[in-house]
>>> print(open('protein_12.cif').read())   # mmCIF, C-alpha atoms
data_data
loop_
_atom_site.label_atom_id
_atom_site.label_comp_id
_atom_site.auth_asym_id
_atom_site.auth_seq_id
_atom_site.Cartn_x
_atom_site.Cartn_y
_atom_site.Cartn_z
CA MET H 202 -67.89 67.75 48.31
CA GLU H 203 -67.00 64.22 47.27
CA GLU H 204 -68.34 64.90 43.77
CA HIS H 205 -65.85 67.73 43.24
CA GLY H 206 -62.95 66.11 45.12
CA PRO H 207 -61.16 64.40 42.21
CA VAL H 208 -61.51 67.46 39.97
CA GLN H 209 -60.23 69.72 42.73
CA SER H 210 -57.24 67.42 43.30
CA ILE H 211 -56.40 67.50 39.59
CA ASP H 212 -56.62 71.27 39.56
CA ARG H 213 -54.33 71.52 42.60
CA ALA H 214 -51.84 69.07 41.10
CA PHE H 215 -51.63 71.14 37.92
CA GLU H 216 -51.12 74.30 39.93
CA ILE H 217 -48.17 72.67 41.68
CA LEU H 218 -46.76 71.48 38.35
CA GLU H 219 -47.05 74.97 36.88
CA ARG H 220 -45.32 76.49 39.90
CA LEU H 221 -42.48 73.99 39.64
CA CYS H 222 -42.15 74.54 35.88
CA GLY H 223 -41.53 78.22 36.56
CA SER H 224 -38.82 77.57 39.12
CA ARG H 225 -35.23 76.99 38.05
CA ASP H 226 -33.99 75.85 41.48
CA GLY H 227 -37.05 73.93 42.66
CA LEU H 228 -39.45 74.74 45.49
CA SER H 229 -39.91 73.49 49.02
CA ILE H 230 -43.19 72.24 50.43
CA HIS H 231 -43.35 75.37 52.60
CA VAL H 232 -42.97 77.72 49.61
CA LEU H 233 -45.47 75.74 47.53
CA SER H 234 -47.93 75.81 50.40
CA GLU H 235 -47.68 79.60 50.68
CA ALA H 236 -47.82 80.14 46.91
CA THR H 237 -50.86 77.93 46.36
CA GLY H 238 -52.69 78.51 49.64
CA LEU H 239 -52.83 74.75 50.21
CA HIS H 240 -52.08 73.05 53.51
CA LYS H 241 -48.59 71.53 53.73
CA SER H 242 -50.03 68.05 54.14
CA THR H 243 -52.04 68.48 50.92
CA VAL H 244 -48.96 69.70 49.05
CA HIS H 245 -46.93 66.78 50.39
CA ARG H 246 -49.59 64.28 49.32
CA LEU H 247 -49.84 65.69 45.81
CA LEU H 248 -46.05 65.85 45.42
CA ALA H 249 -45.78 62.24 46.50
CA ALA H 250 -48.32 61.23 43.86
CA LEU H 251 -46.52 63.24 41.16
CA ALA H 252 -43.17 61.81 42.20
CA ALA H 253 -44.57 58.28 42.05
CA ARG H 254 -45.50 58.88 38.41
CA GLY H 255 -42.11 60.39 37.62
CA TYR H 256 -43.15 64.01 37.08
CA VAL H 257 -41.27 65.50 40.03
CA ARG H 258 -38.31 64.51 42.18
CA LYS H 259 -37.06 65.62 45.55
CA ASP H 260 -33.55 67.00 45.91
CA GLU H 261 -32.34 65.26 49.05
CA GLU H 262 -29.73 67.94 49.82
CA SER H 263 -32.00 70.99 49.62
CA GLY H 264 -35.33 69.30 50.27
CA ARG H 265 -36.78 71.10 47.27
CA TYR H 266 -38.91 69.50 44.60
CA ARG H 267 -38.08 69.87 40.93
CA MET H 268 -39.71 68.95 37.65
CA THR H 269 -38.31 65.97 35.74
CA THR H 270 -38.21 65.59 31.95
CA ARG H 271 -41.24 63.29 32.07
CA ILE H 272 -43.56 66.11 31.03
CA CYS H 273 -41.23 66.87 28.11
CA GLU H 274 -41.56 63.27 26.96
CA LEU H 275 -45.34 63.65 26.92
CA SER H 276 -45.16 66.90 24.98
CA GLU H 277 -42.90 65.28 22.39
CA GLN H 278 -45.45 62.51 21.92
CA VAL H 279 -48.20 65.10 21.42
CA VAL H 280 -46.09 67.03 18.91
CA GLU H 281 -45.22 63.88 16.98
CA SER H 282 -48.90 62.99 16.74
CA LEU H 283 -49.78 66.36 15.20
CA ASP H 284 -50.48 65.87 11.50
CA VAL H 285 -51.46 68.85 9.38
CA LEU H 286 -53.42 66.62 7.00
CA LYS H 287 -55.54 65.22 9.84
CA ALA H 288 -55.97 68.67 11.35
CA ALA H 289 -56.98 70.20 8.03
CA HIS H 290 -59.37 67.54 6.75
CA GLY H 291 -62.55 68.70 8.54
CA PRO H 292 -62.04 72.46 8.04
CA MET H 293 -61.23 71.88 4.35
CA GLU H 294 -64.41 69.86 3.83
CA ALA H 295 -66.46 72.56 5.54
CA LEU H 296 -64.78 75.36 3.58
CA SER H 297 -65.40 73.65 0.24
CA GLN H 298 -69.01 73.01 1.18
CA THR H 299 -69.75 76.60 2.27
CA THR H 300 -67.95 78.24 -0.68
CA GLY H 301 -68.84 75.65 -3.31
CA GLU H 302 -65.25 75.76 -4.59
CA THR H 303 -62.08 73.67 -4.60
CA VAL H 304 -59.85 73.84 -1.52
CA HIS H 305 -56.17 72.86 -1.60
CA LEU H 306 -53.61 72.14 1.11
CA VAL H 307 -49.88 72.34 0.41
CA VAL H 308 -46.72 71.97 2.46
CA ARG H 309 -43.32 73.43 1.74
CA GLU H 310 -40.64 71.01 0.66
CA GLY H 311 -37.33 72.74 0.03
CA ASP H 312 -37.91 75.61 -2.39
CA GLU H 313 -41.21 74.23 -3.70
CA ILE H 314 -44.72 73.50 -2.50
CA VAL H 315 -46.32 70.06 -2.68
CA TYR H 316 -50.07 69.47 -2.91
CA VAL H 317 -51.01 67.05 -0.11
CA HIS H 318 -54.82 67.31 -0.04
CA LYS H 319 -57.62 68.54 -2.26
CA VAL H 320 -61.35 68.86 -1.65
CA GLU H 321 -63.63 69.54 -4.61
CA PRO H 322 -67.32 70.44 -4.35
CA ASP H 323 -69.86 67.74 -5.13
CA VAL H 324 -71.05 69.66 -8.16
CA SER H 325 -68.45 71.50 -10.20
CA THR H 326 -68.48 72.63 -13.82
CA MET H 327 -64.69 72.82 -13.88
CA ARG H 328 -62.06 70.52 -12.42
CA MET H 329 -58.68 71.88 -11.34
CA PHE H 330 -55.66 70.27 -13.01
CA SER H 331 -53.98 70.02 -9.61
CA ARG H 332 -53.35 66.58 -8.15
CA ILE H 333 -52.01 65.19 -4.88
CA GLY H 334 -48.21 65.01 -4.98
CA MET H 335 -47.89 67.71 -7.61
CA ARG H 336 -45.03 70.16 -7.08
CA ARG H 337 -44.98 73.82 -7.98
CA PRO H 338 -42.50 76.67 -7.49
CA MET H 339 -43.62 79.20 -4.92
CA TYR H 340 -43.61 82.33 -7.06
CA CYS H 341 -46.56 81.40 -9.30
CA THR H 342 -49.17 80.16 -6.81
CA ALA H 343 -51.20 81.91 -4.12
CA MET H 344 -50.15 79.34 -1.52
CA GLY H 345 -46.49 79.64 -2.42
CA LYS H 346 -46.62 83.42 -2.26
CA ALA H 347 -48.42 83.26 1.10
CA ILE H 348 -45.44 81.30 2.42
CA LEU H 349 -42.89 83.58 0.74
CA ALA H 350 -44.54 86.64 2.30
CA GLU H 351 -43.57 85.40 5.76
CA LEU H 352 -39.93 84.80 4.89
CA SER H 353 -37.05 87.27 5.02
CA ASP H 354 -35.97 89.17 1.90
CA GLU H 355 -32.74 87.18 1.91
CA GLU H 356 -34.64 83.88 1.89
CA VAL H 357 -36.97 85.11 -0.85
CA ASP H 358 -33.93 86.07 -2.95
CA ARG H 359 -32.35 82.67 -2.37
CA ILE H 360 -35.49 80.76 -3.33
CA TRP H 361 -36.00 82.92 -6.42
CA ASN H 362 -32.42 82.33 -7.58
CA ALA H 363 -32.76 78.59 -6.95
CA SER H 364 -36.03 78.33 -8.90
CA ASP H 365 -36.49 77.68 -12.60
CA ILE H 366 -38.37 80.87 -13.44
CA GLN H 367 -40.78 80.38 -16.30
CA ALA H 368 -44.13 81.73 -17.41
CA TYR H 369 -46.79 79.08 -16.82
CA THR H 370 -49.31 81.55 -18.25
CA GLU H 371 -49.11 85.05 -19.69
CA HIS H 372 -49.93 86.33 -16.19
CA THR H 373 -47.13 84.55 -14.31
CA ILE H 374 -44.79 86.83 -12.36
CA THR H 375 -41.31 86.43 -13.85
CA SER H 376 -39.65 89.48 -12.27
CA LEU H 377 -38.23 89.50 -8.75
CA ASP H 378 -39.21 93.14 -8.32
CA ARG H 379 -42.83 92.35 -9.25
CA LEU H 380 -42.81 89.40 -6.88
CA LYS H 381 -41.55 91.52 -4.00
CA SER H 382 -44.25 94.12 -4.68
CA ALA H 383 -46.84 91.33 -4.59
CA LEU H 384 -45.42 89.98 -1.33
CA GLU H 385 -45.60 93.42 0.27
CA LEU H 386 -49.28 93.64 -0.64
CA ILE H 387 -49.86 90.13 0.76
CA ARG H 388 -48.26 91.18 4.07
CA ARG H 389 -50.62 94.13 4.30
CA ARG H 390 -53.70 92.08 3.36
CA GLY H 391 -52.87 88.99 5.40
CA SER H 392 -53.82 86.73 2.50
CA ALA H 393 -52.32 85.91 -0.90
CA PHE H 394 -53.83 85.73 -4.36
CA ASP H 395 -53.11 84.17 -7.74
CA ASN H 396 -54.70 85.84 -10.75
CA GLN H 397 -54.36 83.17 -13.48
CA GLU H 398 -50.63 82.96 -12.74
CA ASN H 399 -50.52 79.17 -12.39
CA GLU H 400 -53.50 78.07 -14.47
CA LEU H 401 -55.36 80.07 -17.12
CA GLY H 402 -58.93 80.88 -16.20
CA VAL H 403 -58.39 80.20 -12.48
CA ARG H 404 -58.06 82.61 -9.56
CA CYS H 405 -56.99 81.59 -6.05
CA ILE H 406 -56.74 83.09 -2.60
CA ALA H 407 -54.53 81.55 0.10
CA ALA H 408 -53.22 81.90 3.64
CA THR H 409 -50.69 80.08 5.80
CA ILE H 410 -51.10 77.59 8.64
CA HIS H 411 -48.77 77.54 11.65
CA ASP H 412 -47.79 74.90 14.20
CA TYR H 413 -46.87 74.98 17.89
CA THR H 414 -43.44 76.50 17.11
CA GLY H 415 -44.98 79.42 15.26
CA GLY H 416 -43.46 78.14 12.04
CA ILE H 417 -45.35 77.63 8.79
CA CYS H 418 -46.55 74.05 8.43
CA GLY H 419 -48.69 74.53 5.34
CA ALA H 420 -50.96 76.78 3.34
CA LEU H 421 -54.61 76.60 2.34
CA SER H 422 -56.30 77.98 -0.76
CA ILE H 423 -59.68 78.41 -2.40
CA SER H 424 -59.53 78.06 -6.18
CA ALA H 425 -62.27 78.83 -8.70
CA PRO H 426 -62.83 79.75 -12.34
CA MET H 427 -62.55 83.45 -13.17
CA LEU H 428 -66.28 83.73 -13.75
CA ARG H 429 -67.02 82.62 -10.18
CA MET H 430 -64.04 84.28 -8.46
CA SER H 431 -64.83 87.96 -8.83
CA ASP H 432 -63.33 90.58 -6.54
CA ILE H 433 -66.61 90.56 -4.61
CA LYS H 434 -66.37 86.78 -4.15
CA ILE H 435 -62.76 87.07 -3.02
CA ALA H 436 -63.85 89.60 -0.38
CA GLN H 437 -66.58 87.17 0.76
CA PHE H 438 -64.34 84.09 0.77
CA THR H 439 -61.29 85.61 2.49
CA PRO H 440 -62.74 85.71 6.05
CA GLN H 441 -63.90 82.08 5.66
CA LEU H 442 -60.45 81.06 4.45
CA MET H 443 -58.73 82.86 7.34
CA ALA H 444 -61.09 81.25 9.86
CA ALA H 445 -60.30 77.78 8.47
CA CYS H 446 -56.55 78.47 8.65
CA GLU H 447 -56.90 79.68 12.24
CA LYS H 448 -58.84 76.55 13.19
CA ILE H 449 -56.18 74.28 11.68
CA THR H 450 -53.42 76.33 13.33
CA ARG H 451 -55.07 75.85 16.73
CA ARG H 452 -55.32 72.10 16.09
CA MET H 453 -51.59 72.12 15.30
CA GLY H 454 -50.87 73.76 18.64
CA GLY H 455 -50.29 77.20 17.16
CA ILE H 456 -51.69 80.53 18.21
#
>>> encode(input="protein_12.cif", output="structure tokens")
Amino acid sequence: MEEHGPVQSIDRAFEILERLCGSRDGLSIHVLSEATGLHKSTVHRLLAALAARGYVRKDEESGRYRMTTRICELSEQVVESLDVLKAAHGPMEALSQTTGETVHLVVREGDEIVYVHKVEPDVSTMRMFSRIGMRRPMYCTAMGKAILAELSDEEVDRIWNASDIQAYTEHTITSLDRLKSALELIRRRGSAFDNQENELGVRCIAATIHDYTGGICGALSISAPMLRMSDIKIAQFTPQLMAACEKITRRMGGI
């Protein structure tokens, strides 16, 4: 029993915290005892320990216990420590190794995307021209389109009108109607693609990464020369890409 005592106490303390978090007006020892099935003396002891550390306080008028903002302070520290680059590093390395292709990570900055990390395979016959810190408009890259596909039509229109639309290659989308058709397909597929639209001879597939708020905090892509990125390869790589994005999302506190 002694071996499991500390763990059991932690579990009970968290149950009390969760009960208090769900109560707007606070809870009395009696109510907490009934709700948790714990003896009143146990509840009182745990509340005293939580109060000593600043997580709960007792309302002297009502006798009820309430949560303090201490737990919010801790959550803010956790959120501030979340870094998409740190979260993505391992999954990107693994994805590049298993696919044998280049993996990129971008974040949105204003109406553009910025390349913040790049992992190339150990042996590659072709190097991507991308570089860390490089900016690109959203409409001509798989990662940019993956982000655009999750935005409202109004926001897509605004970004399009604010962008300097130009053909980086003969395949670049330069029509808003064509872009919207592409975005609709991306929404149905769940992943985005770039068929030589940003760089001749290169195809890419991409998907977004989300954080604890549910918002987009980045996008990941696999890029490869046309000869190695056939439709069959895209079908093979897409589940691996999605799994990597999901892993990074979980590390960022997202669902």
>>> resolve_selection(input="protein_12.cif", expression="the PyMOL selection byres ((chain H and resi 405-416) around 7)", output="ChimeraX atom specification")
/H:343-344,347-348,392-396,403-404,417-425,443,446,449-450,453-455
>>> residues_around(input="protein_12.cif", residues="H:Ala445", least_positions_apart="2", cutoff="9 Å", atoms="only C-alpha atoms", output="list in words")
Ala289, Pro292, Met293, Ala295, Leu296, Leu421, Pro440, Gln441, Leu442, Met443, Glu447, Lys448, Ile449 and Thr450 of chain H
>>> atom_distance(input="protein_12.cif", atom1="atom CA of H:Arg336", atom2="atom CA of H:Glu310")
8.9 Å
>>> residues_around(input="protein_12.cif", residues="H:Thr370", least_positions_apart="4", cutoff="8 Å", atoms="only C-alpha atoms", output="number ranges by chain")
H: 397-401
>>> residues_around(input="protein_12.cif", residues="H:Arg388", least_positions_apart="3", cutoff="10 Å", atoms="only C-alpha atoms", output="ChimeraX atom specification")
/H:347,349-351,383-385,391-393
>>> resolve_selection(input="protein_12.cif", expression="the PyMOL selection byres ((chain H and resi 339) around 10)", output="MDAnalysis selection string")
chainID H and resid 309 312:315 336:338 340:349 357 360:361 364
>>> closest_residue(input="protein_12.cif", among="H:Leu380, H:Met268, H:Met427, H:Leu275", to="H:Asp354", atoms="all atoms listed in the file")
H:Leu380
>>> residues_around(input="protein_12.cif", residues="H:Leu251", least_positions_apart="3", cutoff="10 Å", atoms="only C-alpha atoms", output="ChimeraX atom specification")
/H:214-215,217-218,245-248,254-258,268
>>> atom_distance(input="protein_12.cif", atom1="atom CA of H:Val304", atom2="atom CA of H:Arg359")
28.9 Å
>>> atom_distance(input="protein_12.cif", atom1="atom CA of H:Phe438", atom2="atom CA of H:Glu371")
25.5 Å
>>> resolve_selection(input="protein_12.cif", expression="the PyMOL selection byres ((chain H and resi 302) around 6)", output="list in words")
Ser297, Thr300, Gly301, Thr303, Pro322 and Ala425 of chain H
>>> residues_near_point(input="protein_12.cif", point="(-50.2, 67.9, 7.4)", cutoff="9 Å", atoms="only C-alpha atoms", output="ChimeraX atom specification")
/H:283-289,306-308,317-318,418-419
>>> axis_aligned_box(input="protein_12.cif", around="stretch 385-404 of chain H", padding_each_side="6 Å", output="AutoDock Vina command-line options")
--center_x -52.3 --center_y 86.1 --center_z -5.9 --size_x 25.3 --size_y 28.1 --size_z 34.5
>>> residues_around(input="protein_12.cif", residues="stretch 220-222 of chain H", least_positions_apart="4", cutoff="12 Å", atoms="all atoms listed in the file", output="PyMOL selection string")
chain H and resi 213-216+226-230+232-237+244+248+251+256-259+265-273
